[in-house]
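What follows is the content of target-v7.cif (mmCIF, C-alpha atoms and all ligand atoms).
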```
data_query
#
loop_
_atom_site.label_atom_id
_atom_site.label_comp_id
_atom_site.auth_asym_id
_atom_site.auth_seq_id
_atom_site.Cartn_x
_atom_site.Cartn_y
_atom_site.Cartn_z
CA MET H 1 32.08 -83.25 -148.84
CA ASP H 2 34.53 -85.98 -149.91
CA MET H 3 37.12 -85.52 -152.60
CA ILE H 4 36.11 -87.81 -155.49
CA GLU H 5 37.93 -89.59 -158.30
CA MET H 6 37.97 -88.06 -161.78
CA ASP H 7 36.11 -91.03 -163.33
CA ASP H 8 33.32 -90.57 -160.79
CA ALA H 9 33.23 -86.83 -161.45
CA ILE H 10 32.77 -87.46 -165.19
CA ARG H 11 30.09 -90.06 -164.50
CA ILE H 12 28.17 -87.74 -162.16
CA VAL H 13 28.28 -84.89 -164.65
CA LEU H 14 27.05 -87.07 -167.52
CA GLU H 15 24.34 -88.72 -165.41
CA ASN H 16 22.94 -85.26 -164.76
CA THR H 17 23.17 -84.07 -168.37
CA SER H 18 20.07 -84.24 -170.54
CA THR H 19 19.67 -83.81 -174.27
CA VAL H 20 18.43 -80.44 -175.51
CA GLU H 21 15.38 -80.11 -177.77
CA VAL H 22 15.31 -80.61 -181.52
CA THR H 23 14.93 -77.57 -183.71
CA SER H 24 15.42 -76.87 -187.39
CA VAL H 25 17.88 -74.50 -189.02
CA ASP H 26 18.62 -73.34 -192.54
CA LEU H 27 20.93 -75.66 -194.44
CA MET H 28 23.90 -73.31 -194.28
CA GLU H 29 23.52 -72.92 -190.53
CA SER H 30 23.69 -76.65 -189.91
CA LEU H 31 27.47 -77.03 -190.30
CA GLY H 32 28.99 -78.61 -187.19
CA ARG H 33 25.59 -79.52 -185.68
CA THR H 34 24.21 -82.98 -185.00
CA LEU H 35 21.43 -84.25 -187.22
CA ALA H 36 18.36 -85.04 -185.09
CA GLN H 37 16.35 -87.14 -187.60
CA ASP H 38 17.05 -89.50 -190.48
CA ILE H 39 17.04 -87.76 -193.86
CA ARG H 40 15.54 -89.45 -196.95
CA SER H 41 15.97 -88.54 -200.55
CA ASP H 42 12.99 -87.11 -202.46
CA ILE H 43 14.58 -88.00 -205.82
CA ASN H 44 16.60 -90.66 -207.60
CA MET H 45 20.28 -89.89 -208.04
CA PRO H 46 21.17 -89.65 -210.79
CA PRO H 47 17.62 -88.66 -211.71
CA PHE H 48 18.08 -90.09 -215.26
CA ASP H 49 20.64 -92.18 -217.16
CA LYS H 50 23.42 -89.65 -217.45
CA ALA H 51 26.54 -89.27 -219.58
CA THR H 52 29.69 -89.15 -217.45
CA MET H 53 31.90 -88.03 -220.38
CA ASP H 54 31.69 -85.64 -223.30
CA GLY H 55 31.29 -87.75 -226.46
CA TYR H 56 28.69 -89.63 -228.46
CA ALA H 57 25.67 -91.63 -227.31
CA VAL H 58 25.56 -94.78 -229.45
CA VAL H 59 24.21 -98.31 -229.69
CA GLY H 60 26.96 -100.53 -228.25
CA GLN H 61 26.50 -103.11 -230.97
CA ASP H 62 27.47 -100.52 -233.64
CA ILE H 63 30.94 -99.96 -232.22
CA ALA H 64 31.71 -103.42 -230.89
CA ARG H 65 34.52 -103.93 -233.44
CA ALA H 66 35.53 -100.31 -234.10
CA SER H 67 39.25 -99.66 -234.61
CA GLN H 68 41.62 -97.07 -236.11
CA ALA H 69 41.91 -99.21 -239.23
CA ASP H 70 38.20 -99.93 -239.50
CA PRO H 71 36.20 -97.21 -237.70
CA ALA H 72 32.44 -97.37 -237.15
CA VAL H 73 30.87 -94.49 -239.08
CA LEU H 74 27.62 -93.18 -237.60
CA GLU H 75 25.15 -90.44 -238.56
CA VAL H 76 24.97 -87.64 -235.94
CA VAL H 77 21.29 -86.87 -235.32
CA GLU H 78 21.32 -84.40 -232.45
CA GLU H 79 23.40 -82.42 -229.96
CA ILE H 80 22.46 -82.80 -226.27
CA PRO H 81 23.96 -80.18 -223.94
CA ALA H 82 23.66 -80.70 -220.15
CA GLY H 83 20.37 -79.28 -218.89
CA THR H 84 18.39 -80.25 -221.99
CA VAL H 85 16.25 -83.27 -222.80
CA PRO H 86 17.01 -85.38 -225.91
CA GLN H 87 14.40 -85.09 -228.66
CA LYS H 88 15.51 -88.01 -230.82
CA ALA H 89 15.94 -91.70 -230.19
CA ILE H 90 19.06 -93.43 -231.47
CA ALA H 91 18.74 -96.29 -233.94
CA LEU H 92 21.48 -98.57 -235.32
CA GLY H 93 23.89 -96.49 -237.41
CA GLN H 94 23.14 -93.29 -235.48
CA ALA H 95 24.74 -91.26 -232.67
CA SER H 96 24.04 -88.05 -230.71
CA ARG H 97 26.72 -85.64 -229.58
CA ILE H 98 26.33 -85.59 -225.77
CA MET H 99 27.89 -83.53 -222.97
CA THR H 100 28.79 -84.66 -219.46
CA GLY H 101 25.70 -84.56 -217.24
CA ALA H 102 23.18 -84.71 -220.09
CA PRO H 103 20.48 -87.44 -220.28
CA VAL H 104 21.30 -90.37 -222.55
CA PRO H 105 18.77 -90.57 -225.44
CA GLU H 106 16.43 -93.48 -225.88
CA GLY H 107 17.93 -96.35 -227.85
CA ALA H 108 21.52 -95.52 -226.86
CA ASP H 109 23.23 -97.73 -224.29
CA THR H 110 26.81 -96.50 -224.46
CA VAL H 111 28.70 -93.21 -224.51
CA VAL H 112 31.92 -93.10 -226.53
CA MET H 113 34.29 -90.48 -225.28
CA VAL H 114 35.11 -87.69 -227.69
CA GLU H 115 38.83 -88.59 -227.64
CA ASP H 116 37.99 -91.87 -229.42
CA THR H 117 36.22 -90.12 -232.30
CA VAL H 118 36.71 -87.94 -235.36
CA THR H 119 33.84 -85.85 -236.69
CA GLU H 120 33.29 -84.96 -240.36
CA ASN H 121 30.28 -83.65 -242.31
CA GLY H 122 27.57 -84.68 -239.90
CA ARG H 123 29.12 -88.06 -239.30
CA VAL H 124 31.28 -89.40 -236.52
CA LYS H 125 33.97 -92.00 -236.90
CA VAL H 126 34.44 -94.13 -233.78
CA LEU H 127 38.03 -95.35 -233.65
CA ASP H 128 37.94 -97.66 -230.64
CA VAL H 129 35.70 -100.03 -228.74
CA THR H 130 33.81 -98.88 -225.64
CA GLU H 131 32.21 -101.61 -223.58
CA THR H 132 28.42 -101.54 -223.82
CA GLY H 133 27.08 -99.46 -220.94
CA GLY H 134 30.31 -97.48 -220.68
CA ASN H 135 30.39 -93.84 -219.51
CA ILE H 136 26.76 -93.87 -218.34
CA ALA H 137 25.63 -93.44 -214.72
CA SER H 138 22.24 -95.15 -214.45
CA LEU H 139 19.12 -93.71 -212.92
CA GLY H 140 19.09 -94.27 -209.14
CA GLU H 141 22.56 -95.80 -209.16
CA ASP H 142 23.68 -93.68 -206.17
CA VAL H 143 20.39 -93.18 -204.32
CA ARG H 144 16.75 -94.20 -204.83
CA VAL H 145 13.70 -92.13 -203.95
CA ASP H 146 12.91 -92.51 -200.20
CA GLN H 147 16.27 -94.07 -199.41
CA THR H 148 17.77 -92.86 -196.10
CA VAL H 149 20.85 -90.83 -197.00
CA LEU H 150 21.86 -89.62 -193.51
CA THR H 151 20.97 -91.03 -190.11
CA ALA H 152 20.12 -89.19 -186.91
CA GLY H 153 23.21 -88.54 -184.82
CA THR H 154 25.44 -87.72 -187.79
CA MET H 155 27.73 -84.73 -187.34
CA ILE H 156 27.14 -82.35 -190.25
CA ARG H 157 30.40 -81.65 -192.10
CA PRO H 158 30.88 -80.21 -195.61
CA PRO H 159 30.10 -83.53 -197.39
CA GLU H 160 26.88 -83.91 -195.37
CA ILE H 161 25.96 -80.32 -196.29
CA GLY H 162 26.32 -81.39 -199.94
CA ILE H 163 24.11 -84.43 -199.42
CA LEU H 164 21.45 -82.37 -197.64
CA ALA H 165 21.47 -79.90 -200.54
CA ALA H 166 21.25 -82.74 -203.09
CA VAL H 167 18.11 -84.16 -201.48
CA GLY H 168 16.51 -80.75 -201.04
CA ALA H 169 16.74 -80.65 -197.24
CA VAL H 170 16.90 -76.87 -196.99
CA ARG H 171 15.64 -76.90 -193.39
CA VAL H 172 17.65 -79.32 -191.28
CA PRO H 173 16.50 -80.96 -188.03
CA VAL H 174 19.30 -80.54 -185.48
CA TYR H 175 19.72 -80.37 -181.72
CA ARG H 176 19.48 -76.86 -180.37
CA GLN H 177 22.80 -75.29 -179.41
CA PRO H 178 23.14 -75.34 -175.64
CA VAL H 179 23.86 -71.93 -174.15
CA VAL H 180 26.90 -71.66 -171.90
CA GLY H 181 27.11 -68.73 -169.52
CA VAL H 182 30.64 -67.61 -168.68
CA VAL H 183 31.50 -65.72 -165.49
CA ALA H 184 34.93 -64.71 -164.18
CA THR H 185 35.02 -64.19 -160.42
CA GLY H 186 37.70 -62.34 -158.45
CA SER H 187 38.08 -58.78 -157.23
CA GLU H 188 41.56 -58.70 -158.80
CA VAL H 189 40.33 -59.55 -162.30
CA VAL H 190 39.99 -56.88 -165.01
CA GLU H 191 38.85 -57.03 -168.63
CA PRO H 192 41.53 -57.72 -171.27
CA ALA H 193 41.08 -54.24 -172.75
CA ASN H 194 42.38 -52.74 -169.48
CA LYS H 195 45.98 -52.57 -168.38
CA PRO H 196 46.07 -54.16 -164.93
CA GLU H 197 46.76 -51.77 -162.01
CA PRO H 198 48.91 -53.04 -159.15
CA GLY H 199 47.31 -56.15 -157.66
CA GLN H 200 45.12 -56.81 -160.71
CA ILE H 201 45.26 -59.46 -163.43
CA ARG H 202 43.58 -59.70 -166.79
CA ASN H 203 40.63 -61.99 -167.30
CA SER H 204 42.09 -64.60 -169.63
CA ASN H 205 39.78 -67.36 -168.41
CA GLY H 206 36.61 -65.71 -169.70
CA SER H 207 37.98 -65.76 -173.24
CA SER H 208 39.45 -69.28 -173.05
CA MET H 209 36.27 -70.71 -171.56
CA THR H 210 34.14 -68.98 -174.18
CA SER H 211 36.26 -70.32 -177.03
CA GLN H 212 36.26 -73.83 -175.55
CA ALA H 213 32.47 -73.78 -175.26
CA LEU H 214 32.24 -72.61 -178.89
CA GLN H 215 34.53 -75.45 -180.00
CA ALA H 216 32.19 -77.86 -178.24
CA GLY H 217 29.30 -76.58 -180.37
CA ALA H 218 27.66 -74.29 -177.80
CA ALA H 219 26.39 -70.75 -178.02
CA THR H 220 27.89 -68.55 -175.31
CA ARG H 221 26.76 -65.71 -173.12
CA TYR H 222 29.41 -63.68 -171.36
CA LEU H 223 28.16 -62.49 -167.98
CA GLY H 224 31.24 -60.49 -167.06
CA ILE H 225 33.57 -60.22 -164.11
CA VAL H 226 32.10 -60.46 -160.63
CA GLU H 227 33.85 -59.31 -157.47
CA ASP H 228 34.30 -61.67 -154.51
CA SER H 229 31.06 -60.76 -152.77
CA GLU H 230 28.20 -63.06 -151.89
CA GLU H 231 25.55 -60.67 -153.15
CA ALA H 232 27.21 -60.09 -156.53
CA LEU H 233 27.81 -63.83 -156.97
CA LYS H 234 24.22 -64.72 -156.09
CA GLN H 235 22.94 -62.20 -158.59
CA VAL H 236 25.08 -63.46 -161.49
CA ILE H 237 24.43 -67.13 -160.68
CA SER H 238 20.72 -66.55 -160.57
CA GLU H 239 20.78 -64.66 -163.89
CA GLY H 240 23.04 -67.31 -165.45
CA LEU H 241 20.87 -70.21 -164.38
CA ASP H 242 17.76 -68.46 -165.68
CA THR H 243 19.23 -67.78 -169.12
CA CYS H 244 21.73 -70.59 -169.83
CA ASP H 245 21.83 -74.39 -170.00
CA ILE H 246 25.24 -74.58 -168.40
CA LEU H 247 26.77 -71.88 -166.21
CA THR H 248 30.57 -71.90 -165.87
CA LEU H 249 32.39 -69.73 -163.37
CA SER H 250 36.12 -69.39 -162.86
CA GLY H 251 37.73 -68.72 -159.51
CA GLY H 252 36.48 -68.58 -155.98
CA VAL H 253 36.21 -72.30 -155.33
CA SER H 254 39.30 -72.93 -153.17
CA ALA H 255 39.46 -72.81 -149.39
CA GLY H 256 40.19 -69.08 -149.00
CA ILE H 257 37.88 -66.81 -147.03
CA TYR H 258 36.97 -64.99 -150.25
CA ASP H 259 36.11 -68.22 -152.06
CA LEU H 260 32.38 -67.71 -151.95
CA VAL H 261 31.13 -69.40 -155.11
CA GLN H 262 29.84 -72.64 -153.57
CA GLY H 263 27.89 -70.82 -150.86
CA ALA H 264 26.32 -68.53 -153.44
CA MET H 265 25.36 -71.55 -155.56
CA VAL H 266 23.61 -73.17 -152.61
CA ASP H 267 21.78 -69.92 -151.84
CA CYS H 268 20.52 -69.92 -155.45
CA GLY H 269 18.97 -73.37 -155.01
CA VAL H 270 21.79 -75.36 -156.58
CA GLU H 271 22.35 -78.92 -155.35
CA VAL H 272 26.12 -79.32 -155.14
CA LEU H 273 27.15 -82.85 -156.17
CA PHE H 274 30.90 -82.59 -155.64
CA ASP H 275 33.43 -79.89 -154.84
CA ARG H 276 36.85 -81.53 -155.02
CA ILE H 277 38.35 -84.00 -157.49
CA ARG H 278 41.49 -86.08 -156.89
CA MET H 279 43.12 -84.54 -159.94
CA LYS H 280 45.91 -82.17 -160.87
CA PRO H 281 45.57 -79.49 -162.07
CA GLY H 282 42.21 -78.42 -160.77
CA LYS H 283 41.42 -80.12 -157.48
CA PRO H 284 38.85 -77.59 -156.25
CA LEU H 285 36.07 -77.92 -158.80
CA THR H 286 32.47 -77.46 -157.77
CA PHE H 287 29.67 -79.06 -159.74
CA GLY H 288 25.98 -78.71 -159.07
CA VAL H 289 22.56 -78.87 -160.68
CA ARG H 290 19.36 -76.89 -160.48
CA GLY H 291 16.68 -78.77 -162.39
CA GLN H 292 18.12 -79.49 -165.84
CA LYS H 293 20.69 -76.69 -165.50
CA LEU H 294 24.32 -77.52 -164.77
CA ILE H 295 26.76 -75.26 -162.98
CA PHE H 296 30.52 -75.62 -162.85
CA GLY H 297 32.72 -73.65 -160.47
CA LEU H 298 36.15 -74.04 -162.06
CA PRO H 299 39.40 -73.07 -160.35
CA GLY H 300 40.73 -69.63 -161.29
CA ASN H 301 44.13 -70.86 -162.37
CA PRO H 302 44.10 -70.69 -166.15
CA VAL H 303 45.46 -74.20 -166.81
CA SER H 304 43.06 -75.71 -164.28
CA SER H 305 40.11 -73.96 -165.84
CA VAL H 306 41.12 -75.05 -169.35
CA VAL H 307 41.52 -78.69 -168.25
CA GLY H 308 38.20 -78.66 -166.38
CA MET H 309 36.45 -77.28 -169.46
CA GLU H 310 37.93 -79.94 -171.78
CA LEU H 311 37.47 -82.96 -169.51
CA LEU H 312 34.15 -82.17 -167.81
CA VAL H 313 32.23 -79.36 -169.49
CA ARG H 314 32.93 -80.43 -173.09
CA PRO H 315 31.55 -83.98 -172.66
CA ALA H 316 28.40 -82.54 -171.06
CA LEU H 317 27.95 -80.13 -173.98
CA ARG H 318 28.47 -82.93 -176.48
CA LYS H 319 25.97 -85.15 -174.70
CA MET H 320 23.39 -82.34 -174.71
CA GLN H 321 23.71 -82.22 -178.51
CA GLN H 322 23.93 -86.02 -178.95
CA MET H 323 27.42 -85.73 -180.37
CA SER H 324 29.63 -88.77 -180.24
CA PRO H 325 32.10 -89.68 -179.02
CA LEU H 326 31.63 -87.61 -175.87
CA HIS H 327 35.29 -87.56 -174.93
CA HIS H 328 38.52 -86.60 -176.62
CA PRO H 329 40.28 -89.67 -178.07
CA THR H 330 42.92 -91.39 -175.94
CA VAL H 331 46.00 -93.03 -177.48
CA LYS H 332 48.97 -94.94 -176.09
CA ALA H 333 52.22 -93.01 -176.54
CA THR H 334 55.85 -93.50 -175.65
CA LEU H 335 57.05 -90.95 -173.12
CA GLU H 336 60.24 -89.28 -174.35
CA ALA H 337 61.70 -88.17 -171.01
CA ASP H 338 61.46 -89.23 -167.35
CA PHE H 339 58.55 -87.73 -165.41
CA ARG H 340 58.20 -87.42 -161.64
CA GLN H 341 55.27 -86.36 -159.49
CA THR H 342 54.30 -86.14 -155.86
CA PRO H 343 51.79 -89.00 -155.55
CA GLY H 344 48.27 -88.30 -154.36
CA ARG H 345 46.25 -87.05 -157.33
CA LYS H 346 45.73 -88.26 -160.87
CA GLN H 347 47.66 -85.84 -163.02
CA PHE H 348 46.78 -84.54 -166.49
CA VAL H 349 50.05 -83.26 -167.86
CA PRO H 350 50.08 -80.87 -170.83
CA CYS H 351 52.10 -82.57 -173.55
CA LYS H 352 52.96 -82.44 -177.21
CA SER H 353 52.37 -85.69 -179.05
CA GLU H 354 53.28 -86.76 -182.54
CA LYS H 355 52.45 -89.82 -184.56
CA GLN H 356 55.49 -91.70 -185.82
CA GLY H 357 54.45 -94.43 -188.20
CA ALA H 358 51.82 -96.42 -186.38
CA SER H 359 52.77 -95.30 -182.86
CA TRP H 360 52.73 -92.09 -180.87
CA LYS H 361 55.47 -90.38 -178.91
CA THR H 362 54.89 -87.61 -176.43
CA HIS H 363 56.74 -85.14 -174.25
CA TRP H 364 55.80 -82.90 -171.40
CA VAL H 365 55.74 -79.25 -172.53
CA GLY H 366 57.03 -78.18 -169.10
CA HIS H 367 55.36 -75.58 -166.95
CA HIS H 368 55.64 -73.25 -164.03
CA GLY H 369 52.44 -74.47 -162.44
CA SER H 370 48.79 -74.12 -163.18
CA ALA H 371 49.01 -70.47 -164.22
CA ASP H 372 51.23 -71.24 -167.20
CA LEU H 373 49.14 -70.65 -170.29
CA PHE H 374 52.27 -70.31 -172.41
CA SER H 375 53.37 -73.90 -172.08
CA LEU H 376 49.76 -74.98 -172.53
CA ALA H 377 49.81 -73.26 -175.90
CA ARG H 378 52.59 -75.64 -176.98
CA ALA H 379 50.54 -78.68 -175.98
CA ASN H 380 48.07 -80.70 -178.04
CA GLY H 381 47.13 -83.19 -175.36
CA LEU H 382 47.34 -84.31 -171.74
CA PHE H 383 49.13 -87.43 -170.60
CA VAL H 384 47.67 -89.18 -167.64
CA VAL H 385 49.69 -90.23 -164.59
CA ASP H 386 47.80 -92.26 -161.98
CA ALA H 387 47.58 -90.88 -158.46
CA GLU H 388 49.87 -93.42 -156.78
CA VAL H 389 52.66 -93.27 -159.39
CA GLU H 390 55.81 -91.41 -158.40
CA PHE H 391 58.04 -91.93 -161.42
CA VAL H 392 57.43 -92.67 -165.07
CA GLU H 393 60.57 -93.69 -166.93
CA ALA H 394 61.42 -92.43 -170.40
CA GLY H 395 60.32 -95.05 -172.93
CA SER H 396 57.27 -96.12 -170.91
CA GLU H 397 53.86 -96.15 -172.48
CA VAL H 398 51.38 -93.56 -171.22
CA ASP H 399 47.76 -92.72 -172.06
CA VAL H 400 47.47 -89.42 -173.89
CA ILE H 401 44.21 -87.55 -174.22
CA LEU H 402 44.47 -85.85 -177.60
CA LEU H 403 42.74 -82.49 -177.40
CA GLU H 404 40.76 -82.39 -180.61
CA GLY H 405 40.79 -79.02 -182.29
CA TRP H 406 44.11 -78.03 -180.66
P1 LIG P 1 41.10 -68.56 -157.39
O1 LIG P 1 40.67 -69.89 -157.92
O2 LIG P 1 40.01 -67.55 -157.39
O3 LIG P 1 41.76 -68.71 -156.05
O4 LIG P 1 42.21 -68.02 -158.38
C1 LIG P 1 43.40 -68.74 -158.56
C2 LIG P 1 44.37 -67.97 -159.39
O5 LIG P 1 43.86 -67.78 -160.70
C3 LIG P 1 44.69 -66.59 -158.87
O6 LIG P 1 46.06 -66.33 -159.08
C4 LIG P 1 43.86 -65.71 -159.71
O7 LIG P 1 44.36 -64.43 -159.75
C5 LIG P 1 43.87 -66.41 -161.03
N1 LIG P 1 42.66 -66.10 -161.76
C6 LIG P 1 41.41 -66.06 -161.24
N2 LIG P 1 40.51 -65.72 -162.17
C7 LIG P 1 41.19 -65.54 -163.31
C8 LIG P 1 40.80 -65.17 -164.63
N3 LIG P 1 39.53 -64.93 -164.93
N4 LIG P 1 41.74 -65.09 -165.59
C9 LIG P 1 43.04 -65.35 -165.26
N5 LIG P 1 43.45 -65.71 -164.06
C10 LIG P 1 42.55 -65.79 -163.07
MG MG P 2 39.63 -65.74 -156.61
#
```
Show me this structure written as structure tokens.
Amino acid sequence: MDMIEMDDAIRIVLENTSTVEVTSVDLMESLGRTLAQDIRSDINMPPFDKATMDGYAVVGQDIARASQADPAVLEVVEEIPAGTVPQKAIALGQASRIMTGAPVPEGADTVVMVEDTVTENGRVKVLDVTETGGNIASLGEDVRVDQTVLTAGTMIRPPEIGILAAVGAVRVPVYRQPVVGVVATGSEVVEPANKPEPGQIRNSNGSSMTSQALQAGAATRYLGIVEDSEEALKQVISEGLDTCDILTLSGGVSAGIYDLVQGAMVDCGVEVLFDRIRMKPGKPLTFGVRGQKLIFGLPGNPVSSVVGMELLVRPALRKMQQMSPLHHPTVKATLEADFRQTPGRKQFVPCKSEKQGASWKTHWVGHHGSADLFSLARANGLFVVDAEVEFVEAGSEVDVILLEGW
């Protein structure tokens, strides 16, 4: 099978990714999900003409020339706390004490704020002019009954949660969370709770991959560590494909004689669509499909697996849930130090980028190869160096993929 370009790999993955079904969840479970239908309001907002200040509801005409020297003196007929309904209409010469959020009584067209008044013996003196209509939010001013308040495809954040609550959408139509199965392969790999014996290493990939899938909105299913044996691999792949939307495996996809993942995939009925990408890190990366299910064999090296998850698995997960944009944002940034590479593969270099005024600057975080999780932890993006480039001079402009959420 030919080695393919990264752009083609992304295209192939997305072409084979389908949207998951729509379901509905309780309002408070909808945070971070994508809205699957337009939402309309069942009420006007505000639902009535509402005072936006504590003060007095009056007839604007009565206070049109009020001043310190010559206040308007009005009879107070009622007190209207928020949550009550006014019982009395206001006529010329009258006012009602009103609280923020309370309905404005009939006849009144203006609310004078309490700071502009003095009260004495059932009367209020208004010491200043308020424009007619002032301090009142009118019925339906924000939203009318049946108006669409949120459109399908919107990502639900805290303000959207507030809107959904305001229109009574207590069950929210969203895309189902795709389930990502996570498998670590390798006879040398042990669970993080264990201290590695000679020849063993801890399974860091399982945890990174799980957290990356969670950040991309998925639910995850950890299927454990599997030794480098065809039988064990076939069993876990078959279980993973039966129970998950996307199965991700780390390790076992290089050219070694114990790299058995691709063969096991094929035995499980997977159609392999590519197995090498002209990229660094992470050249050996196997991708296949079985029906609607996607399966990714990521390289075991921790940095390679992290990069593969962010650049290939994350967009697929976002597409499944109709999230947009599918990819991390890319910005132009000024490279702070010279960078050299052996030409041949498009390189995604872990880097730390900062915005300075309107422009970005970036520097390589340095690393000791694709196992170096520690330098990766200092990065918040990847700068891209094209395959044929040998040298990028300090001060040049490079494309940086900003890893959202990092
Ligand atoms: P492989 O792709 O299986 O050849 O593994 C490449 C390198 O990544 C080897 O040094 C492995 O020991 C290491 N590795 C494989 N799986 C994991 C894992 N789950 N967590 C951390 N490192 C791993
Ligand atoms: Mg291995």
Among listed residues H:Leu249, H:Val307, H:Ala193, H:Leu273, nearest ligand LIG 1 (chain P) (using all atoms listed in the file)
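Looking only at the distances to ligand LIG 1 (chain P), the closest residue turns out to be H:Leu249.
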Work out how far CA of Pro315 (chain H) is from CA of Phe274 (chain H), in Å to one decimal.
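Distance reported for this atom pair: 17.1 Å.
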Got a sec to check which residues lie within 8 Å of ligand LIG 1 (chain P), using all atoms listed in the file, and send them as a list in words?
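Those within range of ligand LIG 1 (chain P) are Ala184, Thr185, Gly186, Glu188, Val189, Gln200, Ile201, Arg202, Asn203, Ser204, Asn205, Gly206, Ile225, Ser250, Gly251, Gly252, Val253, Ser254, Gly256, Asp259, Leu298, Pro299, Gly300, Asn301, Pro302 and Ala371 of chain H.
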Closest to Ile12 (chain H) among H:Leu403, H:Val349, H:Ala379, H:Leu294, using all atoms listed in the file?
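When distances to Ile12 (chain H) are compared using all atoms listed in the file, the smallest one comes from H:Leu294.
Closest approach to Asp70 (chain H) among H:Val13, H:Ala218, H:Leu382, H:Val129: H:Val129, based on only C-alpha atoms.
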From the list H:Leu326, H:Lys355, H:Met3, H:Glu21, the nearest residue to Gly282 (chain H) using all atoms listed in the file is H:Met3
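Nearest to Ala337 (chain H) of all the residues H:Glu397, H:Asp49, H:Asp7, H:Asp54 is H:Glu397, based on all atoms listed in the file.
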List as a ChimeraX atom specification: which residues have an atom within 10 Å of (16.5, -80.8, -194.2), counting all atoms listed in the file?
/H:24-27,30,35,37-40,161,163-165,167-174
Set the distance at 10 Å and use only C-alpha atoms: which residues neighbour Asn380 (chain H) once local chain neighbours fewer than 3 positions away are removed? I'd like the list as a ChimeraX atom specification.
/H:350-354,362,365,376-377,400-406
Proximity to Glu227 (chain H) - best of H:Thr286, H:Val190, H:Thr342, H:Asp242, only C-alpha atoms:
H:Val190
Which centre and which edge lengths, in Å to one decimal, describe the axis-aligned box that holds all listed atoms of region 184-200 of chain H after 6 Å is added on each side, as JSON?
```
{"center_x": 41.9, "center_y": -58.2, "center_z": -165.0, "size_x": 26.0, "size_y": 24.9, "size_z": 27.5}
```
note - CA of Lys50 (chain H) and CA of Pro103 (chain H) are separated by 4.6 Å
Hey, what's within 7 Å of Thr334 (chain H) if we count all atoms listed in the file and toss same-chain stuff fewer than 6 positions away? As a ChimeraX atom specification, please?
/H:360-362,395-398
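For the atom pair formed by CA of Ala316 (chain H) and CA of Thr17 (chain H), the distance is 6.1 Å, given to one decimal.
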List the spatial neighbours of region 78-82 of chain H as a PyMOL selection string - criterion: any atom at most 6 Å away, all atoms listed in the file, same-chain residues fewer than 5 positions off excluded.
chain H and resi 96-99+101-102
Keeping just C-alpha atoms, export region 23-41 of chain H of this structure as a PDB file, in the first residue's frame.
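Result file part-v6.pdb:
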```pdb
ATOM      1  CA  THR H  23     -31.154  11.990  20.694  1.00  0.00           C
ATOM      2  CA  SER H  24     -32.423  14.180  23.499  1.00  0.00           C
ATOM      3  CA  VAL H  25     -30.835  14.845  26.861  1.00  0.00           C
ATOM      4  CA  ASP H  26     -31.768  16.757  29.996  1.00  0.00           C
ATOM      5  CA  LEU H  27     -30.890  20.436  29.828  1.00  0.00           C
ATOM      6  CA  MET H  28     -28.002  20.155  32.263  1.00  0.00           C
ATOM      7  CA  GLU H  29     -26.488  17.286  30.299  1.00  0.00           C
ATOM      8  CA  SER H  30     -26.405  19.260  27.066  1.00  0.00           C
ATOM      9  CA  LEU H  31     -23.332  21.377  27.883  1.00  0.00           C
ATOM     10  CA  GLY H  32     -20.672  20.969  25.196  1.00  0.00           C
ATOM     11  CA  ARG H  33     -22.994  19.088  22.816  1.00  0.00           C
ATOM     12  CA  THR H  34     -24.212  20.180  19.400  1.00  0.00           C
ATOM     13  CA  LEU H  35     -27.822  21.232  19.052  1.00  0.00           C
ATOM     14  CA  ALA H  36     -29.547  19.003  16.480  1.00  0.00           C
ATOM     15  CA  GLN H  37     -32.708  21.082  15.835  1.00  0.00           C
ATOM     16  CA  ASP H  38     -33.718  24.733  15.838  1.00  0.00           C
ATOM     17  CA  ILE H  39     -35.178  25.875  19.156  1.00  0.00           C
ATOM     18  CA  ARG H  40     -38.134  28.301  19.279  1.00  0.00           C
ATOM     19  CA  SER H  41     -39.403  30.287  22.189  1.00  0.00           C
TER      20      SER H  41
END
```
